[in-house]
Structure formats: structure tokens, C-alpha cells
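Okay, structure first, notes after.
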Amino acid sequence: MNNALKRVVVTGYGAITPLGATAEESWQAIMDNRLGYRYVDKTAQNIHTHFLGFVEKEPDLKGVPAAIRRRLPRYARLTLGAARQAMAMAFGETPPQTFYNPLDCGVIMGTGWAGLDENYGAIDEFSSTGVTSPFNCFYSMPSVTTAACSQFWGLNGYQNTVIAACATGTISIGDAFEVIRSGRASMMLAGAGESLTSTCAVWNIDVLGALSKETDDPRRANCPFSAHRSGFVLSEGAAVLCLEERDGALARGATILGEITGYANFSDAWDFTSPADDCLARVQTITHALQQAGLEPQQLDYINAHGTSTPLNDINETQALKMALGDVAYQIPVSSTKSYSGHLISAAGCFESIVCLQAIENGVMPATANFQQADPLCDLDYIVDGHRACDLHRTLNLSFGFGGANAALILEKSL
């Protein structure tokens with residue numbers, strides 16, 4: 001038995017976001033400085049935020065059996081659509097079982113609030129008639145996307161479902177990385193998704209005061225690290241990555257899009273919404289990911305920050321980077337692509353991991369949009385004057401979630 005740790009590479013990815021119907025369209029929107037969110041007025045529903053990011057068109061699920069498709073809530077349909085893009089990029093039309101034992105292929109999907117939209121819609125119907133959709137059980141199952149992907153592709157291996165608020169996607173990828181790295185699997189799908197169609201789902205976040213207070217200007221609605229930031233823009237969408245053990249991917253002639261070399265996940269154990277003042281868990285998350293990757297801070301080329309545009313997070317994240325990286329923190333370019341997409345909640349870390357891979361591929365570090373006024377407590381190199389060309393090799397992706405979840409991934413150009 002070979003107990004050596006395996007190398008883990010990315011061979012496919014897919015995304016459906018307010019920026020575009022694919023990962024490529026979403027990247028191009030960022031390069032074109034287009035914002036994915038738009039003005040809305042829901043004040044009649046007691047919602048005070050005025051900017052939200054919506055997916056205007058659901059993916060075409062033609063070819064997915066009705067027995068699967070009819071049981072999927074909107075967030076799961078978005079996630080399955082992104083997964084199909086990832087699998088097509090990784091395997092084309094060839095089933096993964098052509099190369100791997102299906103017991104060595106698995107799925108880890110995540111979500112923040114699962115089929116909450118459908119659940120809210122069922123309440124009135126059930127109250128008035130005593131019945132609702134017979135599929136409502138599946139709509140409310142957070143694991144329904146994991147099950148759907150496993151069934152659709154016949155992936156009989158390791159499966160799990162992650163629910164960790166805004167860190168969900170990064171933890172999904174990181175846990176899939178660990179499963180392959182340990183030899184437990186050869187191929188994993190990892191991703192997450194959210195939908196945002198019910199008024200109450202938006203109100204649930206808005207009432208906490210975490211969403212943008214801007215009422216008119218989209219360029220002021222979501223402005224990470226800028227002094228006038230007032231909260232994040234809530235968005236829906238999904239993103240999925242296909243991970244494989246490197247030797248197996250090379251043996252089958254796969255295109256290697258990047259390599260995951262470090263992962264960490266630590267908890268604040270502090271508060272349900274506010275980050276811990278001592279930054280202890282965030283610092284450990286960053287340093288542990290670097291240690292696992294065998295990197296020194298100065299070897300990082302780019303950091304995709306959590307960067308939510310909330311007054312608390314952006315200062316705390318800046319402080320954590322300084323504490324973890326030392327003076328080198330001032331030399332590493334940082335940006336928050338949430339400034340374009342809005343906050344995809346569970347899918348944020350997956351989408352931003354894809355952005356890191358696209359930045360490596362294209363040799364471009366995306367800028368932080370909407371930066372207008374410097375905050376003296378946010379004083380790193382945030383890439384605010386346009387996208388920056390650079391020969392990228394190593395990136396750090398950070399995700400921090402409600403409940404104190406902190407996760408980090410190191411994504412590198414595969415050699």
C-alpha cells in the first residue's frame with residue numbers, strides 16, 4: 001500500500017454567476033469592469049438594501065433525467081449546471097469511469113441555506129390546501145446537490161455536504177483536496193450554490209444590517225477596503241471544480257489548470273456575525289495553508305481576499321494578513337472580486353478559486369472595483385487602479401463566514 005501523499009490538480013471548473021452563464025463569461029465581465037448586481041427596490045417588503053445580484057437565466061439541464069431534475073430546488077439546478085461545465089472541461093464527453101473506478105470518484109457540495117426559497121413558497125400552499133409539492137422534502141435537503149451529482153455521473157466514492165456560511169465553497173474544495181491527497185479518492189467534484197428568489201431569504205440577511213446601505217450608486221454599493229463601504233451586496237450563483245490526483249490526470253492526458261497545495265480551516269469560536277478581535281483563527285488559517293504548501297509568505301504572488309465591503313471584515317482581514325505575513329503583507333497584491341460579483345455566500349470561495357486559476361492562466365490580477373477613498377486601517381496593496389498584468393505562480397484564496405468559519409486555499413501553476 002502506497003501511503004505517500006498525493007498531489008491534487010484542477011482539471012475542470014464551471015460557474016453560473018450574476019456576471020455570466022459560465023466561468024469564462026464571468027471572468028470576461030471582470031476584465032471589462034462590469035458589475036453583476038443591479039438596483040432593486042424592495043422597501044415595500046421591509047428590505048432596506050437596494051442592490052442584489054441575480055442569475056437571469058437558469059442553466060439548460062437537458063439530458064438530466066427527470067427523476068433527478070424534478071427533485072432539484074433552484075440552488076441545486078444552478079450547482080448541477082456549474083458541475084456539468086466542470087465535468088465537460090475535465091472529461092469532455094467521456095465518462096470518468098473510463099479512467100477511474102467509480103468507487104474512487106466522489107462529490108462534496110455545499111450551500112448556505114439550501115432550498116429555502118422553495119420552502120417559503122410551500123408554506124402558503126400547504127396552509128391553504130394541506131398539501132404542497134411531493135418533492136418538498138428534497139428541496140429542503142442540503143445534500144440534494146451532492147446526491148444529484150453522484151447519481152448523474154455514477155460517482156460511488158466519498159461523499160459529503162458542507163454548510164459553513166460564506167466559507168462553504170472553500171471548505172468544500174479543501175476537504176475534497178484532503179480526500180484525494182490522502183489517497184481516499186482519485187477524482188472529486190467540489191462546489192456550492194445559492195438561490196435568491198424569495199423575499200424572506202433576502203430579509204433574513206438584510207435585517208442583520210450586513211448588506212449595503214447605498215441607495216443610488218452601484219459604484220458605492222460594494223466597495224471593499226474603501227472608507228465609505230457600508231456592507232456587502234448579496235448575490236446568487238454556483239461554482240464547481242473538478243479535482244484529480246495528479247498522476248491519474250496526467251496518465252489520461254488531462255489539461256492541468258492548476259494545483260492545490262495548501263488548505264486550512266480554523267474557527268473563531270467567537271460570534272455569529274463579527275470576526276474575532278484577536279484574529280487568532282484567521283492568522284492560523286493563513287499560516288497553516290502556507291506551511292502545508294511549503295511556502296514562505298514572500299513566495300505568494302496574489303491574494304484573493306474575502307473582502308466583503310463590511311466595515312468590520314475588511315479591517316479585521318487586513319490585520320490578519322499583516323499578523324500572518326509580517327511586513328511582506330505590504331508587498332503582495334490583494335483584491336476582492338466580490339466587488340464585481342457580489343457575495344455568492346456558499347459559492348463565493350469556489351468562484352474565487354476559479355478566479356485565482358484564471359488569473360494564473362491569463363497573467364492578470366483583477367482589480368478591486370469601486371475603490372474611491374482610502375481607509376487608513378486598510379493599507380495593503382489592494383490593486384485599485386485597474387487590472388494588473390503579472391506572471392503569476394502562487395495565489396492565496398481566503399474565505400471567512402458567519403459563525404466564525406475561516407478557510408484558505410493555496411492554488412498554484414502546476415509544474
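FYI, nothing fancy with the C-alpha cells labels: chains A, B, ... in order, residues from 1 per chain, ligands from 1 as they appear.
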Which residues, written as a ChimeraX atom specification, have at least one atom at most 8 Å from segment 23-25 of chain A, with only C-alpha atoms counted and residues fewer than 6 positions away on the same chain left out?
/A:13-16,354
Find the residues around Asp327 of chain A up to 12 Å (only C-alpha atoms counted), leave out those fewer than 4 positions away in its own chain, and share them as a PyMOL selection string.
chain A and resi 297-298+319+321-323+331-332+379-380
With only C-alpha atoms as the basis for distance, which of A:Trp27, A:Phe152, A:His50, A:Tyr37 is at the shortest distance from Gly63 of chain A?
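Result for the nearest residue to Gly63 of chain A: A:Phe152.
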Contacts of Trp203 of chain A within 9 Å, only C-alpha atoms, excl. fewer than 2 positions in-chain, as an MDAnalysis selection string:
chainID A and resid 45:48 198:201 205:208
Name the closest residue to Met188 of chain A among the candidates A:Gln292, A:Ser353, A:Thr146, A:Ser133; distances are taken between atoms, counting only C-alpha atoms.
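Result for the nearest residue to Met188 of chain A: A:Thr146.
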Apply DSSP to the structure's backbone, then extract all residues of segment 191-221 of chain A labelled alpha helix (DSSP H) and return them as an MDAnalysis selection string.
chainID A and resid 199:206 218:221
I need the chosen residues saved as an mmCIF file, in the first residue's frame, with all heavy atoms.
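Now in selection18.cif:
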data_model
loop_
_atom_site.group_PDB
_atom_site.id
_atom_site.type_symbol
_atom_site.label_atom_id
_atom_site.label_comp_id
_atom_site.auth_asym_id
_atom_site.auth_seq_id
_atom_site.Cartn_x
_atom_site.Cartn_y
_atom_site.Cartn_z
ATOM 1 N N THR A 199 -38.422 36.748 -1.015
ATOM 2 C CA THR A 199 -38.203 37.992 -0.292
ATOM 3 C C THR A 199 -37.677 37.732 1.109
ATOM 4 O O THR A 199 -36.781 38.433 1.592
ATOM 5 C CB THR A 199 -39.514 38.786 -0.214
ATOM 6 O OG1 THR A 199 -39.942 39.096 -1.543
ATOM 7 C CG2 THR A 199 -39.330 40.077 0.559
ATOM 8 N N CYS A 200 -38.194 36.701 1.761
ATOM 9 C CA CYS A 200 -37.782 36.435 3.137
ATOM 10 C C CYS A 200 -36.317 36.030 3.227
ATOM 11 O O CYS A 200 -35.634 36.359 4.199
ATOM 12 C CB CYS A 200 -38.673 35.365 3.758
ATOM 13 S SG CYS A 200 -38.542 35.272 5.556
ATOM 14 N N ALA A 201 -35.814 35.306 2.204
ATOM 15 C CA ALA A 201 -34.408 34.916 2.211
ATOM 16 C C ALA A 201 -33.505 36.154 2.204
ATOM 17 O O ALA A 201 -32.465 36.187 2.869
ATOM 18 C CB ALA A 201 -34.102 34.022 1.017
ATOM 19 N N VAL A 202 -33.897 37.175 1.451
ATOM 20 C CA VAL A 202 -33.134 38.425 1.432
ATOM 21 C C VAL A 202 -33.286 39.158 2.759
ATOM 22 O O VAL A 202 -32.318 39.661 3.325
ATOM 23 C CB VAL A 202 -33.593 39.327 0.267
ATOM 24 C CG1 VAL A 202 -32.825 40.645 0.270
ATOM 25 C CG2 VAL A 202 -33.418 38.608 -1.071
ATOM 26 N N TRP A 203 -34.522 39.210 3.253
ATOM 27 C CA TRP A 203 -34.782 39.909 4.515
ATOM 28 C C TRP A 203 -33.971 39.306 5.657
ATOM 29 O O TRP A 203 -33.480 40.028 6.536
ATOM 30 C CB TRP A 203 -36.279 39.840 4.837
ATOM 31 C CG TRP A 203 -36.646 40.585 6.084
ATOM 32 C CD1 TRP A 203 -36.963 41.907 6.208
ATOM 33 C CD2 TRP A 203 -36.722 40.045 7.423
ATOM 34 N NE1 TRP A 203 -37.243 42.218 7.516
ATOM 35 C CE2 TRP A 203 -37.089 41.095 8.287
ATOM 36 C CE3 TRP A 203 -36.509 38.778 7.950
ATOM 37 C CZ2 TRP A 203 -37.257 40.920 9.664
ATOM 38 C CZ3 TRP A 203 -36.667 38.589 9.332
ATOM 39 C CH2 TRP A 203 -37.046 39.658 10.167
ATOM 40 N N ASN A 204 -33.813 37.981 5.651
ATOM 41 C CA ASN A 204 -33.071 37.315 6.716
ATOM 42 C C ASN A 204 -31.667 37.880 6.896
ATOM 43 O O ASN A 204 -31.146 37.943 8.017
ATOM 44 C CB ASN A 204 -32.947 35.817 6.415
ATOM 45 C CG ASN A 204 -34.221 35.056 6.645
ATOM 46 O OD1 ASN A 204 -35.141 35.553 7.299
ATOM 47 N ND2 ASN A 204 -34.313 33.848 6.099
ATOM 48 N N ILE A 205 -31.040 38.266 5.798
ATOM 49 C CA ILE A 205 -29.686 38.841 5.856
ATOM 50 C C ILE A 205 -29.761 40.351 6.054
ATOM 51 O O ILE A 205 -28.998 40.932 6.825
ATOM 52 C CB ILE A 205 -28.898 38.516 4.565
ATOM 53 C CG1 ILE A 205 -28.935 37.014 4.281
ATOM 54 C CG2 ILE A 205 -27.450 39.001 4.683
ATOM 55 C CD1 ILE A 205 -28.282 36.167 5.328
ATOM 56 N N ASP A 206 -30.696 40.975 5.354
ATOM 57 C CA ASP A 206 -30.828 42.430 5.434
ATOM 58 C C ASP A 206 -31.082 42.891 6.865
ATOM 59 O O ASP A 206 -30.543 43.916 7.305
ATOM 60 C CB ASP A 206 -31.964 42.880 4.506
ATOM 61 C CG ASP A 206 -32.092 44.391 4.418
ATOM 62 O OD1 ASP A 206 -31.128 45.028 3.935
ATOM 63 O OD2 ASP A 206 -33.135 44.936 4.830
ATOM 64 N N PRO A 218 -24.379 52.218 -7.863
ATOM 65 C CA PRO A 218 -23.816 50.862 -7.765
ATOM 66 C C PRO A 218 -22.319 50.872 -7.487
ATOM 67 O O PRO A 218 -21.785 49.910 -6.913
ATOM 68 C CB PRO A 218 -24.140 50.246 -9.132
ATOM 69 C CG PRO A 218 -24.389 51.398 -10.050
ATOM 70 C CD PRO A 218 -24.983 52.464 -9.190
ATOM 71 N N ARG A 219 -21.625 51.925 -7.874
ATOM 72 C CA ARG A 219 -20.179 52.004 -7.646
ATOM 73 C C ARG A 219 -19.847 52.299 -6.192
ATOM 74 O O ARG A 219 -18.689 52.230 -5.786
ATOM 75 C CB ARG A 219 -19.571 53.087 -8.554
ATOM 76 C CG ARG A 219 -19.656 52.754 -10.033
ATOM 77 C CD ARG A 219 -18.696 51.652 -10.423
ATOM 78 N NE ARG A 219 -18.882 51.176 -11.792
ATOM 79 C CZ ARG A 219 -18.171 50.204 -12.338
ATOM 80 N NH1 ARG A 219 -17.220 49.610 -11.647
ATOM 81 N NH2 ARG A 219 -18.408 49.811 -13.574
ATOM 82 N N ARG A 220 -20.865 52.634 -5.415
ATOM 83 C CA ARG A 220 -20.663 52.815 -3.976
ATOM 84 C C ARG A 220 -21.354 51.715 -3.164
ATOM 85 O O ARG A 220 -21.266 51.690 -1.940
ATOM 86 C CB ARG A 220 -21.196 54.188 -3.534
ATOM 87 C CG ARG A 220 -20.422 55.363 -4.119
ATOM 88 C CD ARG A 220 -21.040 56.688 -3.681
ATOM 89 N NE ARG A 220 -20.909 56.919 -2.246
ATOM 90 C CZ ARG A 220 -19.874 57.527 -1.660
ATOM 91 N NH1 ARG A 220 -18.844 57.941 -2.402
ATOM 92 N NH2 ARG A 220 -19.848 57.715 -0.356
ATOM 93 N N ALA A 221 -22.042 50.821 -3.870
ATOM 94 C CA ALA A 221 -22.799 49.778 -3.176
ATOM 95 C C ALA A 221 -21.900 48.682 -2.636
ATOM 96 O O ALA A 221 -22.190 48.086 -1.598
ATOM 97 C CB ALA A 221 -23.841 49.184 -4.120
#
So which bits of segment 184-343 of chain A end up strand (DSSP E) when you DSSP the backbone, as a VMD selection string?
chain A and resid 187 to 194 234 to 235 237 to 245 258 to 267 302 to 304 334 to 335
Please list as a list in words every residue within 8 Å of Asn33 of chain A, counting only C-alpha atoms and excluding residues in the same chain fewer than 2 positions away.
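So the residues in contact are Ala29, Ile30, Met31, Leu35, Tyr340 and Ala369 of chain A.
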Cut-off 10 Å: closest segment 296-397 of chain A/segment 253-272 of chain A atom pairs per residue, using only C-alpha atoms, as a Markdown table:
| residue | atom | partner | partner_atom | distance |
| --- | --- | --- | --- | --- |
| A:Ser353 | CA | A:Ile260 | CA | 9.9 |
| A:Ile354 | CA | A:Leu257 | CA | 9.7 |
| A:Cys356 | CA | A:Gly258 | CA | 9.4 |
| A:Leu357 | CA | A:Gly258 | CA | 6.3 |
| A:Gln358 | CA | A:Leu257 | CA | 8.6 |
| A:Ile360 | CA | A:Gly258 | CA | 8.2 |
| A:Glu361 | CA | A:Leu257 | CA | 7.7 |
| A:His393 | CA | A:Gly258 | CA | 9.3 |
| A:Arg394 | CA | A:Glu259 | CA | 9.5 |
| A:Thr395 | CA | A:Ile260 | CA | 9.8 |
| A:Leu396 | CA | A:Gly262 | CA | 9.0 |
| A:Asn397 | CA | A:Tyr263 | CA | 9.6 |
Which residues are close to Val364 of chain A, i.e. within 8 Å by only C-alpha atoms, leaving aside same-chain residues fewer than 3 positions away? Reply as a PyMOL selection string.
chain A and resi 359-360+387-392
Between A:Thr287, A:Ser341, A:Ser346, A:Gln372, which has the minimum distance to Gly326 of chain A (counting only C-alpha atoms)?
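Using only C-alpha atoms, the shortest distance to Gly326 of chain A belongs to A:Thr287.
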Find the spatial neighbours of Ala210 of chain A, counting only C-alpha atoms, within a cut-off of 8 Å - ignore same-chain residues fewer than 6 positions away - and output them as a ChimeraX atom specification.
/A:231-232,310
As a VMD selection string, please: the residues near Thr22 of chain A (cut-off 12 Å, only C-alpha atoms, same-chain neighbours under 6 positions excluded).
chain A and resid 13 to 16 28 to 29 55 57 to 59 78 to 79 81 to 86 89 237 to 240 351 354
Just to be explicit: take each residue in the selection above, keep N, CA and C atoms, and write the result as a PDB file, in the first residue's frame.
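again-v7.pdb, freshly written:
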ATOM      1  N   TYR A  13     -13.566  23.356 -14.331  1.00  0.00           N
ATOM      2  CA  TYR A  13     -14.351  24.222 -13.447  1.00  0.00           C
ATOM      3  C   TYR A  13     -15.538  24.803 -14.212  1.00  0.00           C
ATOM      4  N   GLY A  14     -16.537  25.222 -13.460  1.00  0.00           N
ATOM      5  CA  GLY A  14     -17.714  25.840 -14.049  1.00  0.00           C
ATOM      6  C   GLY A  14     -18.332  26.809 -13.071  1.00  0.00           C
ATOM      7  N   ALA A  15     -18.974  27.837 -13.578  1.00  0.00           N
ATOM      8  CA  ALA A  15     -19.596  28.837 -12.715  1.00  0.00           C
ATOM      9  C   ALA A  15     -20.791  29.463 -13.414  1.00  0.00           C
ATOM     10  N   ILE A  16     -21.824  29.705 -12.649  1.00  0.00           N
ATOM     11  CA  ILE A  16     -23.004  30.440 -13.100  1.00  0.00           C
ATOM     12  C   ILE A  16     -23.217  31.548 -12.086  1.00  0.00           C
ATOM     13  N   GLN A  28     -14.582  37.398 -18.088  1.00  0.00           N
ATOM     14  CA  GLN A  28     -14.554  38.488 -19.059  1.00  0.00           C
ATOM     15  C   GLN A  28     -15.286  39.714 -18.535  1.00  0.00           C
ATOM     16  N   ALA A  29     -16.376  39.497 -17.804  1.00  0.00           N
ATOM     17  CA  ALA A  29     -17.094  40.620 -17.211  1.00  0.00           C
ATOM     18  C   ALA A  29     -16.206  41.380 -16.228  1.00  0.00           C
ATOM     19  N   VAL A  55     -28.979  35.657 -11.014  1.00  0.00           N
ATOM     20  CA  VAL A  55     -28.738  34.876 -12.226  1.00  0.00           C
ATOM     21  C   VAL A  55     -30.005  34.967 -13.060  1.00  0.00           C
ATOM     22  N   LYS A  57     -30.797  33.734 -16.061  1.00  0.00           N
ATOM     23  CA  LYS A  57     -31.249  32.564 -16.817  1.00  0.00           C
ATOM     24  C   LYS A  57     -30.650  31.301 -16.219  1.00  0.00           C
ATOM     25  N   GLU A  58     -31.506  30.353 -15.886  1.00  0.00           N
ATOM     26  CA  GLU A  58     -31.029  29.096 -15.341  1.00  0.00           C
ATOM     27  C   GLU A  58     -30.336  28.262 -16.419  1.00  0.00           C
ATOM     28  N   PRO A  59     -29.431  27.375 -16.010  1.00  0.00           N
ATOM     29  CA  PRO A  59     -28.758  26.520 -17.000  1.00  0.00           C
ATOM     30  C   PRO A  59     -29.735  25.527 -17.617  1.00  0.00           C
ATOM     31  N   LEU A  78     -28.742  25.325 -10.299  1.00  0.00           N
ATOM     32  CA  LEU A  78     -27.596  26.172 -10.640  1.00  0.00           C
ATOM     33  C   LEU A  78     -26.289  25.419 -10.412  1.00  0.00           C
ATOM     34  N   THR A  79     -26.213  24.696  -9.292  1.00  0.00           N
ATOM     35  CA  THR A  79     -24.976  23.988  -8.962  1.00  0.00           C
ATOM     36  C   THR A  79     -24.726  22.830  -9.914  1.00  0.00           C
ATOM     37  N   GLY A  81     -25.739  22.697 -12.950  1.00  0.00           N
ATOM     38  CA  GLY A  81     -25.329  23.323 -14.205  1.00  0.00           C
ATOM     39  C   GLY A  81     -23.854  23.675 -14.204  1.00  0.00           C
ATOM     40  N   ALA A  82     -23.362  24.235 -13.096  1.00  0.00           N
ATOM     41  CA  ALA A  82     -21.935  24.551 -12.982  1.00  0.00           C
ATOM     42  C   ALA A  82     -21.093  23.282 -12.974  1.00  0.00           C
ATOM     43  N   ALA A  83     -21.607  22.229 -12.339  1.00  0.00           N
ATOM     44  CA  ALA A  83     -20.888  20.951 -12.307  1.00  0.00           C
ATOM     45  C   ALA A  83     -20.770  20.347 -13.699  1.00  0.00           C
ATOM     46  N   ARG A  84     -21.806  20.496 -14.514  1.00  0.00           N
ATOM     47  CA  ARG A  84     -21.735  19.977 -15.891  1.00  0.00           C
ATOM     48  C   ARG A  84     -20.660  20.713 -16.686  1.00  0.00           C
ATOM     49  N   GLN A  85     -20.522  22.007 -16.465  1.00  0.00           N
ATOM     50  CA  GLN A  85     -19.447  22.751 -17.125  1.00  0.00           C
ATOM     51  C   GLN A  85     -18.083  22.222 -16.684  1.00  0.00           C
ATOM     52  N   ALA A  86     -17.931  21.991 -15.375  1.00  0.00           N
ATOM     53  CA  ALA A  86     -16.653  21.495 -14.855  1.00  0.00           C
ATOM     54  C   ALA A  86     -16.324  20.114 -15.402  1.00  0.00           C
ATOM     55  N   MET A  89     -15.336  20.302 -19.081  1.00  0.00           N
ATOM     56  CA  MET A  89     -13.972  20.806 -19.241  1.00  0.00           C
ATOM     57  C   MET A  89     -12.959  19.722 -18.900  1.00  0.00           C
ATOM     58  N   GLY A 237     -25.830  32.239  -7.141  1.00  0.00           N
ATOM     59  CA  GLY A 237     -24.995  31.631  -8.165  1.00  0.00           C
ATOM     60  C   GLY A 237     -24.394  30.333  -7.664  1.00  0.00           C
ATOM     61  N   ALA A 238     -23.548  29.745  -8.502  1.00  0.00           N
ATOM     62  CA  ALA A 238     -22.924  28.462  -8.171  1.00  0.00           C
ATOM     63  C   ALA A 238     -21.579  28.349  -8.864  1.00  0.00           C
ATOM     64  N   ALA A 239     -20.694  27.571  -8.258  1.00  0.00           N
ATOM     65  CA  ALA A 239     -19.385  27.302  -8.861  1.00  0.00           C
ATOM     66  C   ALA A 239     -18.904  25.933  -8.406  1.00  0.00           C
ATOM     67  N   VAL A 240     -18.263  25.213  -9.312  1.00  0.00           N
ATOM     68  CA  VAL A 240     -17.822  23.842  -9.044  1.00  0.00           C
ATOM     69  C   VAL A 240     -16.463  23.603  -9.688  1.00  0.00           C
ATOM     70  N   PHE A 351     -16.078  30.173  -6.550  1.00  0.00           N
ATOM     71  CA  PHE A 351     -15.924  31.092  -7.676  1.00  0.00           C
ATOM     72  C   PHE A 351     -14.590  31.825  -7.595  1.00  0.00           C
ATOM     73  N   ILE A 354     -11.756  29.757  -8.720  1.00  0.00           N
ATOM     74  CA  ILE A 354     -11.701  29.760 -10.191  1.00  0.00           C
ATOM     75  C   ILE A 354     -11.041  31.038 -10.686  1.00  0.00           C
TER      76      ILE A 354
END
Nearest to Thr168 of chain A: which of A:Thr129, A:Thr318, A:Thr111, A:Ser212 is it, counting only C-alpha atoms?
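Using only C-alpha atoms, the shortest distance to Thr168 of chain A belongs to A:Thr111.
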